[in-house]
Every structure is written in structure tokens, then in C-alpha cells.
>>> print(open('target-v7.txt').read())   # compact mmCIF, C-alpha atoms
# COMPACT_ATOMS: atom_id res chain seq x y z
CA MET A 138 5.08 -21.30 -0.50
CA ASP A 139 3.77 -18.29 -2.42
CA CYS A 140 2.75 -16.14 0.56
CA ILE A 141 6.06 -14.36 1.13
CA PHE A 142 5.50 -10.64 1.62
CA CYS A 143 7.42 -7.51 2.49
CA THR A 144 6.50 -4.00 3.50
CA LEU A 145 8.17 -0.94 4.98
CA PHE A 146 7.13 1.63 7.57
CA ASP A 147 8.38 3.61 10.56
CA SER A 148 7.03 3.90 14.11
CA ASN A 149 4.32 6.37 13.07
CA TYR A 150 2.84 3.63 10.88
CA LEU A 151 3.01 0.85 13.47
CA ASP A 152 -0.75 0.91 14.06
CA LYS A 153 -1.43 0.39 10.36
CA GLY A 154 1.36 -2.11 9.92
CA ILE A 155 0.17 -4.25 12.83
CA THR A 156 -3.41 -4.06 11.55
CA LEU A 157 -2.19 -5.32 8.19
CA TYR A 158 -0.28 -8.16 9.83
CA LYS A 159 -3.20 -9.30 11.98
CA SER A 160 -5.43 -9.38 8.92
CA MET A 161 -2.92 -11.74 7.31
CA GLU A 162 -3.09 -14.00 10.36
CA ARG A 163 -6.86 -14.21 9.92
CA VAL A 164 -6.83 -15.28 6.27
CA MET A 165 -3.54 -17.16 5.75
CA ASP A 166 -2.35 -20.27 7.55
CA ASN A 167 1.26 -20.10 6.44
CA PHE A 168 3.04 -16.89 5.40
CA LYS A 169 6.01 -14.63 6.07
CA LEU A 170 6.03 -10.85 6.32
CA TYR A 171 9.39 -9.12 6.14
CA VAL A 172 8.95 -5.69 7.73
CA PHE A 173 11.63 -3.14 6.91
CA ALA A 174 11.60 -0.90 9.98
CA PHE A 175 12.45 2.65 8.94
CA ASP A 176 13.44 3.83 12.40
CA ASP A 177 14.93 2.22 15.50
CA LYS A 178 11.76 2.54 17.57
CA CYS A 179 9.76 0.58 15.01
CA TYR A 180 12.43 -2.14 14.87
CA GLU A 181 12.63 -2.43 18.66
CA ILE A 182 8.86 -2.72 19.09
CA LEU A 183 8.53 -5.36 16.38
CA LYS A 184 11.35 -7.35 17.97
CA SER A 185 9.71 -7.01 21.39
CA GLU A 186 6.30 -8.13 20.14
CA ASN A 187 7.91 -11.20 18.52
CA TYR A 188 5.10 -11.80 16.04
CA LYS A 189 5.13 -15.36 14.73
CA HIS A 190 5.20 -14.54 11.02
CA ILE A 191 7.06 -11.19 11.03
CA ILE A 192 10.76 -10.94 10.24
CA PRO A 193 11.87 -7.41 11.25
CA VAL A 194 14.65 -5.94 9.10
CA SER A 195 16.65 -2.96 10.35
CA LEU A 196 17.99 -0.12 8.23
CA ASN A 197 21.49 -1.12 9.30
CA GLU A 198 21.01 -4.45 7.59
CA PHE A 199 19.16 -3.15 4.56
CA GLU A 200 20.64 0.17 3.45
CA THR A 201 23.40 0.05 0.86
CA PRO A 202 25.92 2.80 0.09
CA GLU A 203 23.97 3.52 -3.09
CA LEU A 204 20.72 4.01 -1.18
CA LEU A 205 22.38 6.12 1.50
CA LYS A 206 23.82 8.36 -1.21
CA VAL A 207 20.37 9.32 -2.56
CA LYS A 208 18.67 9.39 0.85
CA SER A 209 19.75 12.93 1.66
CA GLU A 210 18.55 14.16 -1.74
CA ARG A 211 14.96 12.99 -1.24
CA THR A 212 12.17 13.52 1.24
CA ALA A 213 11.27 10.69 3.61
CA ALA A 214 8.31 9.81 1.38
CA GLU A 215 10.42 9.85 -1.78
CA TYR A 216 13.03 7.68 -0.10
CA CYS A 217 10.36 5.14 0.87
CA TRP A 218 9.24 5.03 -2.76
CA THR A 219 12.85 4.63 -3.85
CA CYS A 220 13.15 1.62 -1.55
CA SER A 221 9.98 -0.17 -2.75
CA PRO A 222 11.77 -2.44 -5.24
CA TRP A 223 14.92 -2.63 -3.12
CA VAL A 224 13.15 -4.20 -0.13
CA ILE A 225 11.79 -6.92 -2.44
CA LYS A 226 15.25 -7.41 -3.88
CA HIS A 227 16.75 -7.67 -0.38
CA VAL A 228 14.29 -10.41 0.58
CA ILE A 229 15.19 -12.39 -2.54
CA ASP A 230 18.95 -11.76 -2.44
CA HIS A 231 19.63 -11.83 1.31
CA TYR A 232 17.00 -14.27 2.55
CA LYS A 233 17.04 -16.45 -0.58
CA GLU A 234 13.25 -16.48 -1.00
CA THR A 235 11.97 -17.81 -4.32
CA ILE A 236 9.15 -15.26 -4.49
CA CYS A 237 8.23 -11.99 -2.77
CA THR A 238 5.25 -9.65 -2.91
CA TYR A 239 5.49 -6.05 -1.80
CA ILE A 240 2.40 -4.73 0.01
CA ASP A 241 1.69 -1.24 1.33
CA ALA A 242 1.30 -0.97 5.10
CA ASP A 243 -2.02 0.93 4.90
CA MET A 244 -3.88 -2.12 3.60
CA GLU A 245 -5.85 -5.01 5.06
CA PHE A 246 -6.56 -8.52 3.82
CA PHE A 247 -10.14 -9.75 4.02
CA SER A 248 -9.53 -13.10 2.31
CA THR A 249 -6.59 -15.11 0.98
CA PRO A 250 -4.71 -13.92 -2.14
CA GLN A 251 -3.73 -17.49 -3.02
CA PRO A 252 -6.08 -17.65 -6.08
CA VAL A 253 -4.06 -14.81 -7.63
CA PHE A 254 -0.80 -16.67 -7.11
CA ASP A 255 -2.42 -19.83 -8.51
CA GLU A 256 -3.42 -17.93 -11.64
CA MET A 257 0.12 -16.59 -12.00
CA ARG A 258 1.53 -20.12 -11.77
CA THR A 259 -1.02 -21.48 -14.25
CA LYS A 260 -0.13 -18.77 -16.77
CA GLY A 261 3.59 -19.32 -16.27
CA CYS A 262 4.12 -15.70 -15.22
CA SER A 263 6.76 -14.25 -12.91
CA THR A 264 5.47 -10.76 -12.06
CA ILE A 265 2.10 -9.44 -10.89
CA ILE A 266 0.97 -5.82 -11.17
CA VAL A 267 -2.41 -4.44 -10.15
CA PRO A 268 -4.25 -1.79 -12.22
CA HIS A 269 -5.78 1.22 -10.51
CA ARG A 270 -9.10 0.42 -12.20
CA TYR A 271 -10.97 3.53 -13.25
CA GLU A 272 -14.48 3.79 -14.63
CA THR A 273 -13.89 4.98 -18.20
CA GLU A 274 -11.22 4.64 -20.86
CA GLU A 275 -10.70 8.38 -20.66
CA GLU A 276 -9.94 8.14 -16.92
CA GLU A 277 -7.61 5.19 -17.55
CA LYS A 278 -5.71 7.11 -20.23
CA LYS A 279 -5.42 10.16 -17.98
CA ALA A 280 -4.14 8.05 -15.09
CA HIS A 281 -1.64 6.29 -17.36
CA ASP A 282 -0.13 9.63 -18.38
CA LEU A 283 -0.26 11.29 -14.95
CA ARG A 284 0.34 8.74 -12.17
CA GLY A 285 0.57 5.40 -13.94
CA SER A 286 -1.90 2.68 -14.86
CA TYR A 287 -0.73 0.37 -12.08
CA CYS A 288 -0.50 0.89 -8.35
CA VAL A 289 2.50 0.11 -6.17
CA GLU A 290 0.50 -1.80 -3.56
CA PHE A 291 0.65 -5.54 -4.39
CA ASN A 292 3.65 -6.31 -6.58
CA THR A 293 4.89 -9.88 -6.94
CA PHE A 294 8.23 -11.03 -8.32
CA VAL A 295 9.31 -14.64 -8.72
CA ASN A 296 13.05 -15.24 -8.42
CA ASP A 297 13.51 -16.52 -11.95
CA ALA A 298 15.04 -14.96 -15.06
CA ASN A 299 11.94 -12.95 -16.03
CA GLY A 300 10.89 -11.82 -12.56
CA TYR A 301 14.39 -10.87 -11.42
CA ALA A 302 15.12 -8.92 -14.61
CA THR A 303 11.94 -6.91 -14.17
CA LEU A 304 12.63 -6.24 -10.49
CA SER A 305 16.27 -5.26 -11.09
CA TRP A 306 15.33 -2.80 -13.84
CA TRP A 307 12.71 -1.17 -11.58
CA ALA A 308 15.17 -0.94 -8.69
CA GLU A 309 17.84 0.74 -10.81
CA ARG A 310 15.36 3.24 -12.25
CA CYS A 311 14.12 4.20 -8.77
CA LEU A 312 17.71 4.71 -7.66
CA GLU A 313 18.28 7.04 -10.62
CA TRP A 314 15.05 9.05 -10.25
CA CYS A 315 12.25 8.75 -7.72
CA PHE A 316 10.64 12.05 -6.76
CA TYR A 317 7.24 13.56 -6.22
CA SER A 318 6.25 15.97 -8.96
CA ARG A 319 3.01 17.53 -10.07
CA PRO A 320 1.42 14.71 -12.10
CA GLY A 321 2.05 15.12 -15.79
CA THR A 322 5.05 17.45 -15.48
CA THR A 323 7.74 14.75 -15.53
CA GLU A 324 8.29 11.56 -17.48
CA TRP A 325 8.00 9.44 -14.33
CA TYR A 326 6.05 9.74 -11.09
CA GLY A 327 7.70 8.45 -7.92
CA ASP A 328 8.18 4.70 -8.14
CA GLN A 329 4.87 4.13 -9.88
CA LYS A 330 4.92 5.12 -13.56
CA TYR A 331 7.80 2.73 -14.16
CA LEU A 332 5.21 -0.06 -13.94
CA ASN A 333 3.61 1.27 -17.13
CA VAL A 334 6.35 -0.29 -19.22
CA PHE A 335 6.47 -3.70 -17.50
CA PRO A 336 3.99 -5.50 -19.83
CA GLU A 337 5.75 -4.31 -23.01
CA LYS A 338 9.36 -4.44 -21.85
CA PHE A 339 9.44 -7.75 -19.97
CA ASP A 340 8.16 -11.30 -20.37
CA GLY A 341 5.96 -13.04 -17.82
CA VAL A 342 4.08 -9.99 -16.48
CA MET A 343 0.54 -10.72 -15.30
CA ILE A 344 -1.94 -7.88 -14.91
CA CYS A 345 -4.15 -8.91 -12.00
CA GLU A 346 -7.78 -9.09 -13.12
CA HIS A 347 -9.20 -10.07 -9.72
CA CYS A 348 -11.14 -6.96 -8.72
CA GLY A 349 -10.95 -7.96 -5.06
CA VAL A 350 -7.23 -7.20 -5.06
CA GLY A 351 -6.51 -3.50 -4.92
CA MET A 352 -9.94 -2.21 -4.01
CA ALA A 353 -9.42 1.38 -2.93
CA PRO A 354 -11.03 4.83 -2.61
CA TRP A 355 -10.32 5.57 -6.28
CA ASN A 356 -12.31 2.55 -7.54
CA LEU A 357 -14.86 1.71 -4.83
CA LYS A 358 -17.61 3.48 -6.78
CA LEU A 359 -17.34 0.75 -9.45
CA PHE A 360 -18.81 -1.84 -7.07
CA ASP A 361 -22.00 -2.57 -5.14
CA TYR A 362 -22.44 -4.55 -1.96
CA ALA A 363 -23.32 -8.18 -2.72
CA LYS A 364 -23.25 -10.13 0.56
CA GLU A 365 -21.13 -11.07 3.54
CA GLN A 366 -19.91 -14.62 3.89
CA ASN A 367 -17.82 -15.92 6.78
CA GLY A 368 -17.01 -12.35 7.72
CA VAL A 369 -15.81 -11.46 4.23
CA PRO A 370 -17.61 -8.65 2.37
CA TYR A 371 -18.41 -9.57 -1.23
CA ALA A 372 -18.77 -6.91 -3.92
CA LYS A 373 -20.49 -6.88 -7.29
CA GLU A 374 -18.98 -5.11 -10.25
CA LYS A 375 -21.59 -2.69 -11.61
CA LYS A 376 -20.70 -3.14 -15.28
CA THR A 377 -20.49 -6.94 -15.46
CA GLY A 378 -22.47 -8.11 -12.43
CA GLU A 379 -19.52 -10.28 -11.35
CA VAL A 380 -19.53 -11.07 -7.62
CA PHE A 381 -16.18 -11.51 -5.86
CA PRO A 382 -14.74 -11.51 -2.33
CA THR A 383 -12.80 -8.53 -1.06
CA VAL A 384 -9.22 -9.77 -0.88
CA LEU A 385 -7.08 -6.71 -0.21
CA TYR A 386 -8.27 -3.15 0.39
CA HIS A 387 -6.04 -0.08 0.22
CA PHE A 388 -7.00 2.37 2.99
CA GLU A 389 -5.27 5.31 1.39
CA SER A 390 -5.17 8.65 3.27
CA VAL A 391 -6.71 7.43 6.54
CA LYS A 392 -5.56 10.08 9.01
CA PHE A 393 -6.63 12.33 11.86
CA LEU A 394 -7.90 15.80 10.93
CA THR A 395 -8.22 16.82 14.58
CA LYS A 396 -7.59 15.11 17.90
CA HIS A 397 -10.91 13.27 17.71
CA VAL A 398 -11.86 13.29 14.00
CA LEU A 399 -10.45 10.56 11.78
CA HIS A 400 -10.90 10.91 8.03
CA ALA A 401 -11.16 7.64 6.12
CA PRO A 402 -11.92 8.62 2.51
CA SER A 403 -13.86 5.96 0.65
CA CYS A 404 -14.10 8.00 -2.56
CA LEU A 405 -11.33 10.25 -3.86
CA HIS A 406 -13.19 11.28 -7.00
CA SER A 407 -16.73 12.20 -7.94
CA GLY A 408 -19.26 9.41 -8.01
CA LYS A 409 -21.80 7.60 -5.87
CA ILE A 410 -20.57 4.76 -3.71
CA SER A 411 -22.45 1.96 -1.98
CA LYS A 412 -22.70 3.01 1.67
CA LYS A 413 -23.32 -0.60 2.68
CA LEU A 414 -20.14 -1.76 0.94
CA GLN A 415 -18.22 1.16 2.39
CA LYS A 416 -19.37 0.40 5.94
CA SER A 417 -18.68 -3.34 5.61
CA ILE A 418 -15.07 -2.56 4.72
CA TYR A 419 -14.25 0.60 6.64
CA ASP A 420 -16.06 0.22 9.98
CA PRO A 421 -14.28 -2.99 11.09
CA TYR A 422 -10.95 -1.66 9.83
CA ILE A 423 -11.23 1.55 11.85
CA ASP A 424 -12.15 -0.44 14.97
CA ARG A 425 -9.16 -2.74 14.55
CA LEU A 426 -6.83 0.14 13.69
CA MET A 427 -7.75 2.09 16.81
CA THR A 428 -7.46 -1.01 19.01
CA ASN A 429 -3.91 -1.59 17.77
CA ARG A 430 -3.05 2.08 18.04
CA ARG A 431 -4.16 2.27 21.68
CA TYR A 432 -2.31 -0.94 22.48
CA ILE A 433 0.98 0.42 21.14
CA GLU A 434 0.49 3.81 22.77
CA LYS A 435 -0.24 2.30 26.17
CA LYS A 436 2.37 -0.47 26.20
CA TYR A 437 5.26 1.53 24.79
CA GLU A 438 4.20 4.98 26.02
CA ILE A 439 4.50 6.58 22.63
CA GLU A 440 2.29 9.07 20.86
CA PHE A 441 1.67 8.74 17.16
CA SER A 442 2.48 11.87 15.21
CA LYS A 443 -0.49 13.54 13.55
CA LYS A 444 1.72 15.51 11.19
CA LYS A 445 1.23 14.86 7.50
CA ARG A 446 4.36 13.42 5.91
CA VAL A 447 6.30 15.72 3.61
CA VAL A 448 6.29 14.34 0.07
CA THR A 449 8.23 17.08 -1.69
CA LYS A 450 10.82 19.76 -0.98
CA ASN A 451 8.82 22.23 -3.08
CA PRO A 452 7.45 24.69 -0.46
CA ILE A 453 4.33 25.66 -2.43
CA ILE A 454 3.27 22.07 -3.06
CA SER A 455 4.08 21.20 0.57
CA VAL A 456 1.68 23.89 1.82
CA TYR A 457 -0.99 22.57 -0.54
CA HIS A 458 -0.58 19.00 0.70
CA LYS A 459 -0.57 20.06 4.35
CA TYR A 460 -3.51 22.46 4.46
CA ILE A 461 -5.63 22.27 1.30
CA SER A 462 -5.49 18.68 0.04
CA PRO A 463 -6.92 17.09 3.25
CA LEU A 464 -10.00 19.33 3.07
CA ARG A 465 -10.51 18.75 -0.66
CA ARG A 466 -10.54 15.01 -0.04
CA ILE A 467 -13.62 15.17 2.19
CA LYS A 468 -16.40 13.99 -0.12
CA HIS A 469 -18.83 12.39 2.35
CA LEU A 470 -19.65 13.03 6.00
CA HIS A 471 -19.81 9.26 6.58
CA ASP A 472 -16.06 9.18 5.89
CA LEU A 473 -15.49 11.00 9.18
CA TYR A 474 -15.13 8.96 12.39
CA TRP A 475 -15.39 10.41 15.88
CA ILE A 476 -12.67 8.81 17.98
CA LYS A 477 -12.75 8.90 21.77
CA ASN A 478 -9.41 8.79 23.55
>>> encode(input="target-v7.txt", output="C-alpha cells")
Amino acid sequence: MDCIFCTLFDSNYLDKGITLYKSMERVMDNFKLYVFAFDDKCYEILKSENYKHIIPVSLNEFETPELLKVKSERTAAEYCWTCSPWVIKHVIDHYKETICTYIDADMEFFSTPQPVFDEMRTKGCSTIIVPHRYETEEEEKKAHDLRGSYCVEFNTFVNDANGYATLSWWAERCLEWCFYSRPGTTEWYGDQKYLNVFPEKFDGVMICEHCGVGMAPWNLKLFDYAKEQNGVPYAKEKKTGEVFPTVLYHFESVKFLTKHVLHAPSCLHSGKISKKLQKSIYDPYIDRLMTNRRYIEKKYEIEFSKKKRVVTKNPIISVYHKYISPLRRIKHLHDLYWIKN
């Protein structure tokens, strides 16, 4: 079975994590999702809910002395990035899975990713990485140098010589250095720029060419709405005219600005996007997200924090991320959702 996944989040991400999981139930008949619960409350709720395909993993089981040593040196966000390859490695080493794909919790499946795994098998590859996909070569080059050409969002490793070597190298590098820095000021960038060297350094690395995997606010402007089939929005690539199903969308930076205003940015850069495509992807996601959020709040009597996570210990950059960045990201009024409590 190829559909073995892992992710990590704490109790403040439970609404997004559960929304991700339920999307997997809709599009996959047989799968596993190892959820690394980054606080006790998250672990207890996942155990209580007893989801059929979720295997909750506690920090007590997962954290090694080496990880605990660097934990105090990094922010919560930096530590999560540090752990990205280590959670995959834990699934392979501890649970003896033959393959594992890391997925971010703020994502949702709209159709099965099996065609991507089939392509990997056909090509005899052991690792899958997903490009950010920007519009021009100049943007691609800039991204490569600043944040990395590939996104840590859907990263597959087969437990064979090639896949395990790639994964182990990434894990060791993240243990050595995994911090937020102003893009372009350091050799690496969190856990992400390490992926730049995968295709040259290791054998069996497949760069995913399926545009339906890794659709996100930074590349949505490259596509038009094509159709909807069996509840799945199809997009058309503007340059080639290729039509494809949305497989996995990355809902980056979806957060509350005020008590009732939710910002769901569909475009993080300049450019015109298809409002029809945006609505076909975002509107159902926001409905499902809020349904799951209210369920958790009511059943477990918890309140989700609306504080923005701290990504760096640099006080100046922290102020920028907390107060200025959220406002700069508002590109379209239709990215704002009025939420009634």
C-alpha cells in the first residue's frame, strides 16, 4: 500500500488536521495517517475520537535525546520544521512501513494521489518532491535562492537504499541547522532549501509534475477553472491548456484576523486569479474547517488560540510577522470570510 502518510500538529491545529483527515477519507479507500501530536491535549483528543485510519503518536514516544537537545534552542515553528524528516523516519523505523509521505496539516485532498505514486513506481524512483511552481524562470530562480525550489508539503520516501539515504541526510541536516531567517541571508532556509540538492545529490528522486498536487496561493494564478466532476474541481493550466483534477491544495496562512473575520489568501503575489476556481476550492474548505472547529470546541470545551505562531526569536522580525505581514497578505476582498459564532 502506497498511501501511508504522516503529519504533525498541536491542539491549535486540530481543526485543520481533522479537516485534512476527513478529506482523505473521502478520496482514499485504504490509507494510514500517523499524526504526531505536539501537545498532550492534541494526543488525548485524537485518542478519544478513535479515527479509523489515524495512528496518534505522542511526543513521549517520538522525541529522541538529540531532538530534545535542540528543542530549547529553536522556536516552536523551527522545531516543527526540524522534525519534518524525523517524523517520516520514525514511521519507517519504528512502525516498519515500507513507504511514508509527509503532508502538511493545513492541506486538503480533493482526489486520490495514487496516480503520483504509480508514476513513481513506473519510473523506479524512491523519493517525491513537489516544486513550488512559479510563473516565470526569473521567479523560479529567485525562489530557488531564497526559500527553495521545492515545498515541504508532500514528500515521499520509500524505505529502500535510495529513499532512506535521502531521508537520513535531510534529517541530519535539519538537526544541525533549521531556523527561520530572512530569505537570502543564510545558506539554508528552515527545512526547505535542503530539498534543492536532492535531485543532484541522490538517485531515484522524482520531481512531481502533476500540477494538481501542491496547488497553493503562490501558484493558483497559473490556472483557470475548467469544470467540476464528481465534486472535484478541475483546473486548466494557462500556458499549456492541460486540464487536471485538483488533488491536494495547500491552504497556507488561513487564519482569523478578528473574532469574526477569517483570512484565506488565495494569492500571495501579484497576479489575477480565477475567482471561480478560487471559490470552488476555498468555499467548501472553509465550511468544512469551521464545522470541525466548532465540533472540537463544543465537545472538548476548548478555545482555539488566535495568536500567530512565533517563527523566530528575532524581536524585529517577530513584530513584522505579527502585525504587518498579515495585512500585507490581503490582496483580494473575496479572500475574507465573515464567520458567525
>>> residues_around(input="target-v7.txt", residues="Val207 of chain A", least_positions_apart="6", cutoff="12 Å", atoms="all atoms listed in the file", output="list in words")
Glu200, Thr201, Ala213, Glu215, Tyr216, Cys217, Trp218, Thr219, Cys220, Cys311, Leu312, Glu313, Trp314, Cys315 and Phe316 of chain A
>>> residues_near_point(input="target-v7.txt", point="(1.9, -10.1, -7.7)", cutoff="9 Å", atoms="only C-alpha atoms", output="ChimeraX atom specification")
/A:237-239,253-254,257,263-267,291-295,343-345
>>> closest_residue(input="target-v7.txt", among="A:Gly285, A:Pro421, A:Pro382, A:Pro370", to="Gly321 of chain A", atoms="only C-alpha atoms")
A:Gly285
>>> residues_around(input="target-v7.txt", residues="segment 348-350 of chain A", least_positions_apart="4", cutoff="12 Å", atoms="all atoms listed in the file", output="MDAnalysis selection string")
chainID A and resid 240 244:254 265:271 288 290:292 344 356:357 359:360 369:375 377:387 418
>>> closest_residue(input="target-v7.txt", among="A:Ser221, A:Asn149, A:Gln415, A:Gln329", to="Leu204 of chain A", atoms="only C-alpha atoms")
A:Ser221
>>> atom_distance(input="target-v7.txt", atom1="atom CA of Ala214 of chain A", atom2="atom CA of Thr303 of chain A")
23.1 Å
>>> closest_residue(input="target-v7.txt", among="A:Ala242, A:Ile155, A:Ile182, A:Ala308", to="Ile439 of chain A", atoms="only C-alpha atoms")
A:Ile182
>>> atom_distance(input="target-v7.txt", atom1="atom CA of Lys409 of chain A", atom2="atom CA of Tyr474 of chain A")
19.5 Å
>>> residues_near_point(input="target-v7.txt", point="(15.0, -11.7, 4.1)", cutoff="12 Å", atoms="all atoms listed in the file", output="PDB file with C-alpha atoms, keeping the file's coordinate frame")
ATOM      1  CA  ILE A 141       6.060 -14.360   1.130  1.00  0.00           C
ATOM      2  CA  PHE A 142       5.500 -10.640   1.620  1.00  0.00           C
ATOM      3  CA  CYS A 143       7.420  -7.510   2.490  1.00  0.00           C
ATOM      4  CA  THR A 144       6.500  -4.000   3.500  1.00  0.00           C
ATOM      5  CA  LYS A 169       6.010 -14.630   6.070  1.00  0.00           C
ATOM      6  CA  LEU A 170       6.030 -10.850   6.320  1.00  0.00           C
ATOM      7  CA  TYR A 171       9.390  -9.120   6.140  1.00  0.00           C
ATOM      8  CA  VAL A 172       8.950  -5.690   7.730  1.00  0.00           C
ATOM      9  CA  PHE A 173      11.630  -3.140   6.910  1.00  0.00           C
ATOM     10  CA  ILE A 191       7.060 -11.190  11.030  1.00  0.00           C
ATOM     11  CA  ILE A 192      10.760 -10.940  10.240  1.00  0.00           C
ATOM     12  CA  PRO A 193      11.870  -7.410  11.250  1.00  0.00           C
ATOM     13  CA  VAL A 194      14.650  -5.940   9.100  1.00  0.00           C
ATOM     14  CA  SER A 195      16.650  -2.960  10.350  1.00  0.00           C
ATOM     15  CA  GLU A 198      21.010  -4.450   7.590  1.00  0.00           C
ATOM     16  CA  PHE A 199      19.160  -3.150   4.560  1.00  0.00           C
ATOM     17  CA  TRP A 223      14.920  -2.630  -3.120  1.00  0.00           C
ATOM     18  CA  VAL A 224      13.150  -4.200  -0.130  1.00  0.00           C
ATOM     19  CA  ILE A 225      11.790  -6.920  -2.440  1.00  0.00           C
ATOM     20  CA  LYS A 226      15.250  -7.410  -3.880  1.00  0.00           C
ATOM     21  CA  HIS A 227      16.750  -7.670  -0.380  1.00  0.00           C
ATOM     22  CA  VAL A 228      14.290 -10.410   0.580  1.00  0.00           C
ATOM     23  CA  ILE A 229      15.190 -12.390  -2.540  1.00  0.00           C
ATOM     24  CA  ASP A 230      18.950 -11.760  -2.440  1.00  0.00           C
ATOM     25  CA  HIS A 231      19.630 -11.830   1.310  1.00  0.00           C
ATOM     26  CA  TYR A 232      17.000 -14.270   2.550  1.00  0.00           C
ATOM     27  CA  LYS A 233      17.040 -16.450  -0.580  1.00  0.00           C
ATOM     28  CA  GLU A 234      13.250 -16.480  -1.000  1.00  0.00           C
ATOM     29  CA  THR A 235      11.970 -17.810  -4.320  1.00  0.00           C
ATOM     30  CA  ILE A 236       9.150 -15.260  -4.490  1.00  0.00           C
ATOM     31  CA  CYS A 237       8.230 -11.990  -2.770  1.00  0.00           C
TER      32      CYS A 237
END
>>> atom_distance(input="target-v7.txt", atom1="atom CA of Tyr180 of chain A", atom2="atom CA of Lys208 of chain A")
19.2 Å
>>> residues_around(input="target-v7.txt", residues="Arg431 of chain A", least_positions_apart="4", cutoff="10 Å", atoms="only C-alpha atoms", output="list in words")
Asp152, Leu426, Met427, Lys435, Lys436, Tyr437, Glu438, Ile439, Glu440, Phe441 and Asn478 of chain A
>>> axis_aligned_box(input="target-v7.txt", around="segment 319-338 of chain A", padding_each_side="4 Å", output="JSON")
{"center_x": 5.4, "center_y": 6.0, "center_z": -15.5, "size_x": 15.9, "size_y": 31.0, "size_z": 23.1}
>>> closest_residue(input="target-v7.txt", among="A:Gly261, A:Gly154, A:Gly300, A:Gly408", to="Ile433 of chain A", atoms="only C-alpha atoms")
A:Gly154
>>> closest_residue(input="target-v7.txt", among="A:Glu324, A:Asp243, A:Glu434, A:Glu181", to="Leu283 of chain A", atoms="all atoms listed in the file")
A:Glu324
>>> residues_around(input="target-v7.txt", residues="Ile423 of chain A", least_positions_apart="3", cutoff="12 Å", atoms="all atoms listed in the file", output="mmCIF file with C-alpha atoms, keeping the file's coordinate frame")
data_model
loop_
_atom_site.group_PDB
_atom_site.id
_atom_site.type_symbol
_atom_site.label_atom_id
_atom_site.label_comp_id
_atom_site.auth_asym_id
_atom_site.auth_seq_id
_atom_site.Cartn_x
_atom_site.Cartn_y
_atom_site.Cartn_z
ATOM 1 C CA ASP A 152 -0.750 0.910 14.060
ATOM 2 C CA LYS A 153 -1.430 0.390 10.360
ATOM 3 C CA THR A 156 -3.410 -4.060 11.550
ATOM 4 C CA LEU A 157 -2.190 -5.320 8.190
ATOM 5 C CA ASP A 243 -2.020 0.930 4.900
ATOM 6 C CA MET A 244 -3.880 -2.120 3.600
ATOM 7 C CA GLU A 245 -5.850 -5.010 5.060
ATOM 8 C CA PHE A 388 -7.000 2.370 2.990
ATOM 9 C CA VAL A 391 -6.710 7.430 6.540
ATOM 10 C CA LYS A 392 -5.560 10.080 9.010
ATOM 11 C CA PHE A 393 -6.630 12.330 11.860
ATOM 12 C CA VAL A 398 -11.860 13.290 14.000
ATOM 13 C CA LEU A 399 -10.450 10.560 11.780
ATOM 14 C CA HIS A 400 -10.900 10.910 8.030
ATOM 15 C CA ALA A 401 -11.160 7.640 6.120
ATOM 16 C CA PRO A 402 -11.920 8.620 2.510
ATOM 17 C CA GLN A 415 -18.220 1.160 2.390
ATOM 18 C CA LYS A 416 -19.370 0.400 5.940
ATOM 19 C CA SER A 417 -18.680 -3.340 5.610
ATOM 20 C CA ILE A 418 -15.070 -2.560 4.720
ATOM 21 C CA TYR A 419 -14.250 0.600 6.640
ATOM 22 C CA ASP A 420 -16.060 0.220 9.980
ATOM 23 C CA LEU A 426 -6.830 0.140 13.690
ATOM 24 C CA MET A 427 -7.750 2.090 16.810
ATOM 25 C CA THR A 428 -7.460 -1.010 19.010
ATOM 26 C CA ASN A 429 -3.910 -1.590 17.770
ATOM 27 C CA ARG A 430 -3.050 2.080 18.040
ATOM 28 C CA ASP A 472 -16.060 9.180 5.890
ATOM 29 C CA LEU A 473 -15.490 11.000 9.180
ATOM 30 C CA TYR A 474 -15.130 8.960 12.390
ATOM 31 C CA TRP A 475 -15.390 10.410 15.880
ATOM 32 C CA ILE A 476 -12.670 8.810 17.980
#
>>> closest_residue(input="target-v7.txt", among="A:Arg163, A:His347, A:His397, A:Arg211", to="Tyr317 of chain A", atoms="all atoms listed in the file")
A:Arg211
>>> build_atoms(input="target-v7.txt", residues="segment 350-363 of chain A", atoms="N, CA and C atoms", output="tab-separated table (two decimals), keeping the file's coordinate frame")
chain	number	residue	atom	x	y	z
A	350	VAL	N	-8.59	-7.60	-5.43
A	350	VAL	CA	-7.23	-7.20	-5.06
A	350	VAL	C	-7.02	-5.76	-5.51
A	351	GLY	N	-6.73	-4.90	-4.56
A	351	GLY	CA	-6.51	-3.50	-4.92
A	351	GLY	C	-7.76	-2.66	-4.93
A	352	MET	N	-8.80	-3.10	-4.21
A	352	MET	CA	-9.94	-2.21	-4.01
A	352	MET	C	-9.46	-1.02	-3.20
A	353	ALA	N	-9.98	0.16	-3.51
A	353	ALA	CA	-9.42	1.38	-2.93
A	353	ALA	C	-10.40	2.54	-3.11
A	354	PRO	N	-10.12	3.68	-2.48
A	354	PRO	CA	-11.03	4.83	-2.61
A	354	PRO	C	-11.19	5.33	-4.04
A	355	TRP	N	-10.20	5.08	-4.91
A	355	TRP	CA	-10.32	5.57	-6.28
A	355	TRP	C	-11.14	4.64	-7.17
A	356	ASN	N	-11.50	3.43	-6.68
A	356	ASN	CA	-12.31	2.55	-7.54
A	356	ASN	C	-13.53	1.96	-6.83
A	357	LEU	N	-13.76	2.32	-5.57
A	357	LEU	CA	-14.86	1.71	-4.83
A	357	LEU	C	-16.21	2.00	-5.47
A	358	LYS	N	-16.33	3.12	-6.16
A	358	LYS	CA	-17.61	3.48	-6.78
A	358	LYS	C	-17.99	2.53	-7.92
A	359	LEU	N	-17.06	1.69	-8.36
A	359	LEU	CA	-17.34	0.75	-9.45
A	359	LEU	C	-18.10	-0.47	-8.97
A	360	PHE	N	-18.26	-0.61	-7.63
A	360	PHE	CA	-18.81	-1.84	-7.07
A	360	PHE	C	-20.01	-1.57	-6.15
A	361	ASP	N	-20.88	-2.56	-6.08
A	361	ASP	CA	-22.00	-2.57	-5.14
A	361	ASP	C	-21.77	-3.64	-4.09
A	362	TYR	N	-22.47	-3.51	-2.99
A	362	TYR	CA	-22.44	-4.55	-1.96
A	362	TYR	C	-23.21	-5.77	-2.46
A	363	ALA	N	-22.65	-6.95	-2.29
A	363	ALA	CA	-23.32	-8.18	-2.72
A	363	ALA	C	-23.81	-8.98	-1.52
